[in-house]
Amino acid sequence: MADKYLAKAKEVVPVFDRRLGESRYLVGDIATAADLFLAPIAFNFPAVPGLREIGEASPNLARWMREMSERPRMKATLPEPIAARAA
């Protein structure tokens, strides 16, 4: 089952990465619900084998994650990363 979803991520994440190469956020120059929905998912990529590598191969997604993580309201609501919870 995990392989199925990892394959889907390999297909979908490059689409996000290309889009983020065209604009600051997913829908344009301001953050929208689309960005807020993707953020908690993407922020856990580094903790998940397979997803980590997909994230590392997505420079625009990495830039977006850095910018999103600096937003005051994101800082206030970011979940604890999966790796930290497991420790």
# chains A, B, ... in the order shown; residues from 1 in each chain; ligands from 1
>>> residues_around(residues="A:Leu26", least_positions_apart="4", cutoff="10 Å", atoms="only C-alpha atoms", output="number ranges by chain")
A: 16-22, 30-36, 38, 61, 64
>>> write_last_selection(atoms="C-alpha atoms", output="tab-separated table (two decimals), in the first residue's frame")
chain	number	residue	atom	x	y	z
A	16	PHE	CA	3.60	21.28	-7.27
A	17	ASP	CA	7.29	22.02	-7.73
A	18	ARG	CA	6.79	23.28	-11.30
A	19	ARG	CA	3.87	25.45	-10.20
A	20	LEU	CA	5.93	26.91	-7.35
A	21	GLY	CA	8.60	27.77	-9.91
A	22	GLU	CA	6.04	30.01	-11.62
A	30	ILE	CA	-0.53	35.34	-1.85
A	31	ALA	CA	-0.98	32.27	0.31
A	32	THR	CA	-4.37	30.59	-0.01
A	33	ALA	CA	-6.17	27.61	1.47
A	34	ALA	CA	-4.27	25.43	-1.05
A	35	ASP	CA	-0.97	26.39	0.59
A	36	LEU	CA	-2.37	25.91	4.07
A	38	LEU	CA	-0.33	21.31	1.62
A	61	LEU	CA	8.88	23.19	-2.96
A	64	TRP	CA	8.05	27.47	-0.53
>>> closest_residue(among="A:Phe45, A:Gly55, A:Val27, A:Gly50", to="A:Pro14", atoms="only C-alpha atoms")
A:Gly55
>>> select_by_dssp(residues="stretch 14-83 of chain A", states="alpha helix (DSSP H)", output="PyMOL selection string")
chain A and resi 14-22+33-42+51-56+59-70+72-77+82-83
>>> write_last_selection(atoms="C-alpha atoms", output="mmCIF file, in the first residue's frame")
data_model
loop_
_atom_site.group_PDB
_atom_site.id
_atom_site.type_symbol
_atom_site.label_atom_id
_atom_site.label_comp_id
_atom_site.auth_asym_id
_atom_site.auth_seq_id
_atom_site.Cartn_x
_atom_site.Cartn_y
_atom_site.Cartn_z
ATOM 1 C CA PRO A 14 6.849 17.555 -9.382
ATOM 2 C CA VAL A 15 3.602 19.233 -10.489
ATOM 3 C CA PHE A 16 3.596 21.278 -7.275
ATOM 4 C CA ASP A 17 7.291 22.016 -7.732
ATOM 5 C CA ARG A 18 6.791 23.276 -11.299
ATOM 6 C CA ARG A 19 3.873 25.452 -10.199
ATOM 7 C CA LEU A 20 5.927 26.908 -7.351
ATOM 8 C CA GLY A 21 8.598 27.774 -9.910
ATOM 9 C CA GLU A 22 6.038 30.013 -11.616
ATOM 10 C CA ALA A 33 -6.171 27.607 1.466
ATOM 11 C CA ALA A 34 -4.275 25.430 -1.046
ATOM 12 C CA ASP A 35 -0.967 26.388 0.590
ATOM 13 C CA LEU A 36 -2.367 25.907 4.070
ATOM 14 C CA PHE A 37 -3.646 22.451 3.146
ATOM 15 C CA LEU A 38 -0.332 21.311 1.621
ATOM 16 C CA ALA A 39 1.946 22.720 4.322
ATOM 17 C CA PRO A 40 1.469 20.130 7.119
ATOM 18 C CA ILE A 41 1.814 17.303 4.612
ATOM 19 C CA ALA A 42 4.946 18.672 2.940
ATOM 20 C CA LEU A 51 9.246 11.263 0.492
ATOM 21 C CA ARG A 52 12.456 12.824 1.806
ATOM 22 C CA GLU A 53 14.162 12.137 -1.526
ATOM 23 C CA ILE A 54 11.208 13.479 -3.501
ATOM 24 C CA GLY A 55 11.285 16.673 -1.427
ATOM 25 C CA GLU A 56 15.033 17.057 -1.837
ATOM 26 C CA PRO A 59 13.867 23.024 -5.088
ATOM 27 C CA ASN A 60 10.786 25.200 -5.539
ATOM 28 C CA LEU A 61 8.883 23.190 -2.957
ATOM 29 C CA ALA A 62 11.839 23.600 -0.564
ATOM 30 C CA ARG A 63 11.811 27.380 -1.114
ATOM 31 C CA TRP A 64 8.052 27.469 -0.532
ATOM 32 C CA MET A 65 8.429 25.425 2.675
ATOM 33 C CA ARG A 66 11.044 27.870 3.997
ATOM 34 C CA GLU A 67 8.829 30.840 3.201
ATOM 35 C CA MET A 68 5.719 29.196 4.644
ATOM 36 C CA SER A 69 7.547 28.246 7.837
ATOM 37 C CA GLU A 70 8.485 31.910 8.391
ATOM 38 C CA PRO A 72 3.878 33.943 11.955
ATOM 39 C CA ARG A 73 0.597 32.058 11.805
ATOM 40 C CA MET A 74 2.296 28.997 10.358
ATOM 41 C CA LYS A 75 4.878 29.074 13.142
ATOM 42 C CA ALA A 76 2.053 29.141 15.661
ATOM 43 C CA THR A 77 0.262 26.150 14.144
ATOM 44 C CA ILE A 82 6.740 13.021 12.840
ATOM 45 C CA ALA A 83 10.386 12.225 13.659
#
>>> atom_distance(atom1="atom CA of A:Val13", atom2="atom CA of A:Ser58")
7.7 Å
>>> atom_distance(atom1="atom CA of A:Ala9", atom2="atom CA of A:Gly28")
22.3 Å
>>> atom_distance(atom1="atom CA of A:Pro46", atom2="atom CA of A:Glu11")
17.7 Å
